[in-house]
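> For reference, the file upload-v9.csv (CSV, C-alpha atoms) is included below:
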```
chain,number,residue,atom,x,y,z
A,1,MET,CA,72.5,117.7,118.3
A,2,PHE,CA,73.7,119.0,114.9
A,3,PRO,CA,75.1,122.5,114.8
A,4,LYS,CA,73.5,125.4,112.9
A,5,ILE,CA,75.4,126.3,109.7
A,6,LYS,CA,76.0,129.9,108.7
A,7,ILE,CA,77.2,130.7,105.2
A,8,CYS,CA,79.0,134.0,105.2
A,9,CYS,CA,80.2,136.4,102.4
A,10,ILE,CA,76.9,136.1,100.6
A,11,SER,CA,77.3,138.3,97.5
A,12,SER,CA,73.9,138.2,95.7
A,13,LEU,CA,70.3,137.1,96.0
A,14,GLN,CA,71.2,134.0,94.0
A,15,GLU,CA,73.9,133.0,96.5
A,16,ALA,CA,71.5,133.6,99.4
A,17,GLN,CA,68.9,131.3,97.7
A,18,LEU,CA,71.6,128.7,97.0
A,19,ALA,CA,72.8,128.7,100.6
A,20,ILE,CA,69.3,128.4,102.0
A,21,LYS,CA,68.4,125.6,99.6
A,22,ALA,CA,71.5,123.7,100.7
A,23,GLY,CA,70.4,124.0,104.4
A,24,ALA,CA,71.9,127.1,105.8
A,25,SER,CA,70.4,128.4,109.0
A,26,ALA,CA,71.9,131.9,108.7
A,27,LEU,CA,73.5,134.1,106.1
A,28,GLY,CA,76.5,136.4,106.6
A,29,LEU,CA,76.3,139.8,104.8
A,30,VAL,CA,79.6,141.7,105.0
A,31,GLY,CA,79.7,145.5,105.3
A,32,PRO,CA,82.8,147.6,104.8
A,33,MET,CA,86.0,146.0,106.3
A,34,PRO,CA,89.6,147.1,106.6
A,35,SER,CA,90.6,143.9,104.8
A,36,GLY,CA,89.1,140.5,103.7
A,37,PRO,CA,86.6,139.1,101.3
A,38,GLY,CA,82.9,139.3,100.7
A,39,VAL,CA,82.2,143.0,101.1
A,40,ILE,CA,78.9,144.2,99.5
A,41,GLY,CA,77.0,147.4,99.6
A,42,ASP,CA,74.4,148.3,102.2
A,43,GLN,CA,71.6,148.5,99.6
A,44,LEU,CA,72.3,144.9,98.5
A,45,ILE,CA,72.5,143.7,102.1
A,46,SER,CA,69.1,145.2,102.7
A,47,GLN,CA,67.7,143.6,99.6
A,48,ILE,CA,69.0,140.2,100.6
A,49,ALA,CA,67.7,140.6,104.2
A,50,GLN,CA,64.3,141.6,103.0
A,51,ALA,CA,64.1,138.6,100.6
A,52,THR,CA,65.3,136.0,103.2
A,53,PRO,CA,62.4,134.1,104.7
A,54,PRO,CA,62.0,133.3,108.4
A,55,PRO,CA,63.4,131.5,110.3
A,56,ILE,CA,66.7,132.1,108.4
A,57,ALA,CA,68.9,134.6,110.3
A,58,THR,CA,70.6,137.5,108.4
A,59,PHE,CA,73.8,138.7,110.0
A,60,LEU,CA,75.1,142.2,109.2
A,61,LEU,CA,78.9,142.0,109.7
A,62,THR,CA,79.9,145.5,110.8
A,63,SER,CA,83.4,146.8,111.6
A,64,GLU,CA,82.0,149.9,113.2
A,65,THR,CA,83.1,150.3,116.9
A,66,SER,CA,80.7,153.1,118.1
A,67,ILE,CA,77.1,152.3,118.8
A,68,VAL,CA,76.0,155.5,116.9
A,69,LYS,CA,77.6,154.2,113.7
A,70,ILE,CA,76.5,150.6,114.4
A,71,ILE,CA,72.9,151.7,114.7
A,72,ALA,CA,73.2,153.8,111.5
A,73,HIS,CA,74.7,150.8,109.7
A,74,HIS,CA,71.9,148.6,110.8
A,75,GLN,CA,69.2,151.1,109.8
A,76,ARG,CA,70.6,151.1,106.3
A,77,THR,CA,70.4,147.3,106.1
A,78,ASN,CA,67.7,146.0,108.4
A,79,THR,CA,69.1,142.6,109.1
A,80,ASN,CA,67.7,140.6,112.1
A,81,THR,CA,71.2,140.1,113.6
A,82,ILE,CA,74.3,142.2,114.0
A,83,GLN,CA,77.7,140.6,114.0
A,84,LEU,CA,80.3,142.9,115.7
A,85,VAL,CA,83.6,141.8,114.2
A,86,ASP,CA,85.6,144.4,116.3
A,87,TYR,CA,85.2,145.5,119.9
A,88,LEU,CA,83.1,148.4,121.1
A,89,LYS,CA,85.0,151.6,121.7
A,90,GLU,CA,82.2,154.1,122.1
A,91,GLY,CA,79.0,153.2,124.0
A,92,SER,CA,77.8,150.0,125.6
A,93,TYR,CA,76.0,146.8,124.7
A,94,GLU,CA,73.2,148.0,126.9
A,95,ASP,CA,72.9,151.1,124.8
A,96,LEU,CA,72.9,149.1,121.6
A,97,ARG,CA,70.3,146.7,123.0
A,98,ALA,CA,68.0,149.6,124.1
A,99,ALA,CA,68.2,151.2,120.6
A,100,LEU,CA,67.6,147.9,118.7
A,101,PRO,CA,65.6,145.7,121.1
A,102,SER,CA,64.5,143.3,118.5
A,103,VAL,CA,67.9,142.7,116.9
A,104,LYS,CA,70.2,139.9,118.0
A,105,LEU,CA,73.8,140.8,118.9
A,106,VAL,CA,76.7,138.5,118.2
A,107,GLN,CA,80.2,139.5,119.3
A,108,VAL,CA,83.2,138.1,117.4
A,109,ILE,CA,86.2,137.0,119.6
A,110,HIS,CA,89.4,136.5,117.6
A,111,VAL,CA,91.1,133.5,119.2
A,112,GLN,CA,94.8,134.1,119.5
A,113,ASP,CA,95.5,132.7,123.0
A,114,ASP,CA,93.8,131.8,126.2
A,115,SER,CA,92.8,135.4,126.8
A,116,ALA,CA,89.9,134.7,124.4
A,117,ILE,CA,88.2,132.7,127.1
A,118,VAL,CA,88.2,135.7,129.6
A,119,GLN,CA,87.0,138.1,126.8
A,120,ALA,CA,84.1,135.8,126.0
A,121,GLN,CA,83.2,135.4,129.7
A,122,GLN,CA,83.1,139.2,130.1
A,123,ILE,CA,81.1,139.9,127.0
A,124,ALA,CA,78.7,136.9,127.0
A,125,PRO,CA,76.1,138.4,129.5
A,126,TYR,CA,75.5,141.3,127.1
A,127,VAL,CA,75.1,139.5,123.8
A,128,ASP,CA,73.0,136.7,122.3
A,129,ALA,CA,75.9,134.7,121.0
A,130,ILE,CA,79.7,134.6,120.6
A,131,LEU,CA,81.5,133.8,117.3
A,132,LEU,CA,85.0,132.6,117.4
A,133,ASP,CA,87.2,133.5,114.5
A,134,SER,CA,90.9,133.6,113.4
A,135,GLY,CA,91.4,137.3,112.8
A,136,ILE,CA,94.2,139.6,114.0
A,137,PRO,CA,92.5,142.7,115.2
A,138,ASN,CA,95.7,144.3,116.4
A,139,ALA,CA,97.5,144.0,113.0
A,140,SER,CA,98.6,147.3,111.3
A,141,THR,CA,95.7,146.7,108.9
A,142,LYS,CA,93.1,145.0,111.0
A,143,ILE,CA,92.2,141.4,109.9
A,144,LEU,CA,88.6,140.9,111.3
A,145,GLY,CA,87.6,137.6,109.5
A,146,GLY,CA,87.7,135.8,106.2
A,147,THR,CA,91.2,134.5,106.8
A,148,GLY,CA,90.5,131.0,105.7
A,149,ASN,CA,92.8,129.9,108.6
A,150,THR,CA,91.9,127.8,111.6
A,151,HIS,CA,92.9,128.7,115.1
A,152,ASN,CA,93.6,126.6,118.2
A,153,TRP,CA,90.4,124.6,118.6
A,154,ALA,CA,91.4,123.4,122.0
A,155,ILE,CA,91.0,127.0,123.3
A,156,SER,CA,87.6,127.2,121.5
A,157,ALA,CA,86.5,123.9,123.0
A,158,GLN,CA,87.3,125.1,126.5
A,159,LEU,CA,85.6,128.4,125.8
A,160,VAL,CA,82.4,126.6,124.8
A,161,LYS,CA,82.4,124.8,128.1
A,162,GLU,CA,82.8,128.0,130.1
A,163,VAL,CA,80.4,130.3,128.3
A,164,THR,CA,76.7,129.8,128.7
A,165,LYS,CA,75.7,131.6,125.5
A,166,PRO,CA,75.6,129.9,122.1
A,167,VAL,CA,79.0,129.8,120.4
A,168,PHE,CA,79.7,129.8,116.6
A,169,LEU,CA,83.0,128.5,115.3
A,170,ALA,CA,84.6,130.1,112.2
A,171,GLY,CA,88.0,130.1,110.5
A,172,GLY,CA,89.2,127.8,107.9
A,173,ILE,CA,86.3,125.3,108.1
A,174,GLY,CA,85.1,123.4,105.1
A,175,PRO,CA,83.9,119.9,103.9
A,176,HIS,CA,87.4,118.5,104.7
A,177,ASN,CA,87.4,119.3,108.4
A,178,ILE,CA,83.9,120.3,109.6
A,179,ARG,CA,83.3,116.9,111.2
A,180,GLU,CA,86.5,117.3,113.2
A,181,ALA,CA,85.6,120.8,114.2
A,182,ILE,CA,82.2,119.7,115.5
A,183,GLU,CA,83.6,116.8,117.4
A,184,ILE,CA,86.4,118.8,119.1
A,185,VAL,CA,84.7,122.1,119.8
A,186,GLN,CA,81.0,121.1,120.1
A,187,PRO,CA,79.8,124.5,119.0
A,188,PHE,CA,76.2,125.7,118.6
A,189,GLY,CA,77.0,126.7,115.1
A,190,ILE,CA,79.6,126.6,112.3
A,191,ASP,CA,80.4,129.7,110.2
A,192,LEU,CA,82.2,129.5,106.9
A,193,CYS,CA,83.0,131.4,103.8
A,194,SER,CA,86.0,130.5,101.6
A,195,LYS,CA,86.0,126.7,101.8
A,196,VAL,CA,82.6,126.4,100.0
A,197,ARG,CA,83.6,128.7,97.1
A,198,THR,CA,85.4,128.2,93.8
A,199,ASN,CA,87.0,131.3,92.3
A,200,GLY,CA,85.1,133.4,94.9
A,201,GLN,CA,81.7,132.1,93.9
A,202,LEU,CA,79.5,129.9,96.2
A,203,ASP,CA,79.9,126.3,94.9
A,204,PRO,CA,76.8,124.1,95.1
A,205,ILE,CA,79.0,120.9,95.0
A,206,LYS,CA,81.1,122.0,97.9
A,207,LEU,CA,78.0,123.1,99.8
A,208,LYS,CA,76.5,119.6,99.3
A,209,GLN,CA,79.7,118.0,100.5
A,210,LEU,CA,79.8,120.3,103.5
A,211,PHE,CA,76.3,119.5,104.7
A,212,LYS,CA,76.8,115.8,104.1
A,213,ALA,CA,80.0,115.9,106.1
A,214,ALA,CA,78.4,118.0,108.9
A,215,TYR,CA,75.3,115.8,109.3
A,216,SER,CA,76.8,112.4,108.7
```
What would the structure in this file look like if it were written as structure tokens?

Amino acid sequence: MFPKIKICCISSLQEAQLAIKAGASALGLVGPMPSGPGVIGDQLISQIAQATPPPIATFLLTSETSIVKIIAHHQRTNTNTIQLVDYLKEGSYEDLRAALPSVKLVQVIHVQDDSAIVQAQQIAPYVDAILLDSGIPNASTKILGGTGNTHNWAISAQLVKEVTKPVFLAGGIGPHNIREAIEIVQPFGIDLCSKVRTNGQLDPIKLKQLFKAAYS
């Protein structure tokens, strides 16, 4: 089974259309972050979400950590999925689910060591999917994604085996290594940003190379 591919850091309607035409199953739309690439305004996120046809998923990447602020962020953007790039500090997943019953919830786990497996096991029952990335959430300025760096895929592969929910793999993946990532980790989906861009812009040639490599 081939993995779903999510193209993140979408910056315009044109990039969204380019990603969908190339074969993307999901688009990542980045809200305010303490660091990292791809941030766009809530109004543009809403415009892209409204223009995206089903069954393409639209992921709002939010760094908010309270459900009140997460709900408010979603209400400004109206995506069909929320990607929590940080960990909840106020409120619960149950509260978030009750407030937004039709919205899918994806929790990011930043893989730094084996503790990521325990984190994922604890969180998985409350969300629709887990996304593994290479951020450093405890840095002085939080790094919550968009690093362009891989992490230890052996940990990710073990996590996929031990968690029943779908798992997306992110972090430093591109045309050069997507096949290896798929074979080692066996994820439900692949999430990528920088490795299909040239000078910050989505590159149709790199996109074509990516999908060819992924589905070969």
> Atom CA of Lys4 of chain A and atom CA of Thr58 of chain A are how many Å apart?
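If I compute the distance from atom CA of Lys4 of chain A to atom CA of Thr58 of chain A, I get 13.2 Å.
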> Please identify all polymer residues within 9 Å of Asn80 of chain A, counting all atoms listed in the file, omitting same-chain residues fewer than 5 positions from it, and present them as an NGL selection string.
:A and (49 or 57-60 or 102-104)
> So, counting all atoms listed in the file, which residue among A:Cys8, A:Leu202, A:Val185, A:Ile20 is closest to Pro53 of chain A?
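Closest to Pro53 of chain A, using all atoms listed in the file: A:Ile20.
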> Find the residues near Gln75 of chain A: any atom within 10 Å, counting only C-alpha atoms, skip ones fewer than 5 places away on the same chain, and give them as number ranges by chain.
A: 42, 46, 69-70, 100
> Ranking A:Gln121, A:Thr164, A:Asn78, A:Thr62 by minimum distance to Gln43 of chain A and counting only C-alpha atoms, which one comes first?
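Smallest separation from Gln43 of chain A among the options: A:Asn78.
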> In Å to one decimal, how far is atom CA of Thr79 of chain A from atom CA of Thr52 of chain A?
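Going from atom CA of Thr52 of chain A over to atom CA of Thr79 of chain A covers 9.6 Å.
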> Hey, can you check how far atom CA of Glu94 of chain A sits from atom CA of Val163 of chain A?
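The value is 19.2 Å.
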> Taking 3 positions as the minimum chain separation for residues in the same chain, which residues sit within 10 Å of segment 81-85 of chain A when counting all atoms listed in the file? Answer as a PDB file with C-alpha atoms, in the frame of the given file.

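What ended up in result.pdb:
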```
ATOM      1  CA  ALA A  26      71.900 131.900 108.700  1.00  0.00           C
ATOM      2  CA  LEU A  27      73.500 134.100 106.100  1.00  0.00           C
ATOM      3  CA  GLY A  28      76.500 136.400 106.600  1.00  0.00           C
ATOM      4  CA  LEU A  29      76.300 139.800 104.800  1.00  0.00           C
ATOM      5  CA  VAL A  30      79.600 141.700 105.000  1.00  0.00           C
ATOM      6  CA  MET A  33      86.000 146.000 106.300  1.00  0.00           C
ATOM      7  CA  ALA A  57      68.900 134.600 110.300  1.00  0.00           C
ATOM      8  CA  THR A  58      70.600 137.500 108.400  1.00  0.00           C
ATOM      9  CA  PHE A  59      73.800 138.700 110.000  1.00  0.00           C
ATOM     10  CA  LEU A  60      75.100 142.200 109.200  1.00  0.00           C
ATOM     11  CA  LEU A  61      78.900 142.000 109.700  1.00  0.00           C
ATOM     12  CA  THR A  62      79.900 145.500 110.800  1.00  0.00           C
ATOM     13  CA  SER A  63      83.400 146.800 111.600  1.00  0.00           C
ATOM     14  CA  GLU A  64      82.000 149.900 113.200  1.00  0.00           C
ATOM     15  CA  THR A  65      83.100 150.300 116.900  1.00  0.00           C
ATOM     16  CA  ILE A  70      76.500 150.600 114.400  1.00  0.00           C
ATOM     17  CA  ILE A  71      72.900 151.700 114.700  1.00  0.00           C
ATOM     18  CA  HIS A  73      74.700 150.800 109.700  1.00  0.00           C
ATOM     19  CA  HIS A  74      71.900 148.600 110.800  1.00  0.00           C
ATOM     20  CA  ASN A  78      67.700 146.000 108.400  1.00  0.00           C
ATOM     21  CA  LEU A  88      83.100 148.400 121.100  1.00  0.00           C
ATOM     22  CA  LEU A 100      67.600 147.900 118.700  1.00  0.00           C
ATOM     23  CA  SER A 102      64.500 143.300 118.500  1.00  0.00           C
ATOM     24  CA  VAL A 103      67.900 142.700 116.900  1.00  0.00           C
ATOM     25  CA  LYS A 104      70.200 139.900 118.000  1.00  0.00           C
ATOM     26  CA  LEU A 105      73.800 140.800 118.900  1.00  0.00           C
ATOM     27  CA  VAL A 106      76.700 138.500 118.200  1.00  0.00           C
ATOM     28  CA  GLN A 107      80.200 139.500 119.300  1.00  0.00           C
ATOM     29  CA  VAL A 108      83.200 138.100 117.400  1.00  0.00           C
ATOM     30  CA  ILE A 109      86.200 137.000 119.600  1.00  0.00           C
ATOM     31  CA  HIS A 110      89.400 136.500 117.600  1.00  0.00           C
ATOM     32  CA  ASP A 128      73.000 136.700 122.300  1.00  0.00           C
ATOM     33  CA  ALA A 129      75.900 134.700 121.000  1.00  0.00           C
ATOM     34  CA  ILE A 130      79.700 134.600 120.600  1.00  0.00           C
ATOM     35  CA  LEU A 131      81.500 133.800 117.300  1.00  0.00           C
ATOM     36  CA  LEU A 132      85.000 132.600 117.400  1.00  0.00           C
ATOM     37  CA  ASP A 133      87.200 133.500 114.500  1.00  0.00           C
ATOM     38  CA  GLY A 135      91.400 137.300 112.800  1.00  0.00           C
ATOM     39  CA  PRO A 137      92.500 142.700 115.200  1.00  0.00           C
ATOM     40  CA  ILE A 143      92.200 141.400 109.900  1.00  0.00           C
ATOM     41  CA  LEU A 144      88.600 140.900 111.300  1.00  0.00           C
ATOM     42  CA  GLY A 145      87.600 137.600 109.500  1.00  0.00           C
TER      43      GLY A 145
END
```
> Do you know which residues are at most 8 Å from segment 188-193 of chain A counting all atoms listed in the file, after dropping those on the same chain fewer than 4 positions away, and could you put them as a PyMOL selection string?
chain A and resi 3-9+146+148+166-174+197
> Between A:Ser11, A:Gln17, A:Asn152, A:Asn199, single out the one closest to Ile45 of chain A, counting all atoms listed in the file.
A:Ser11
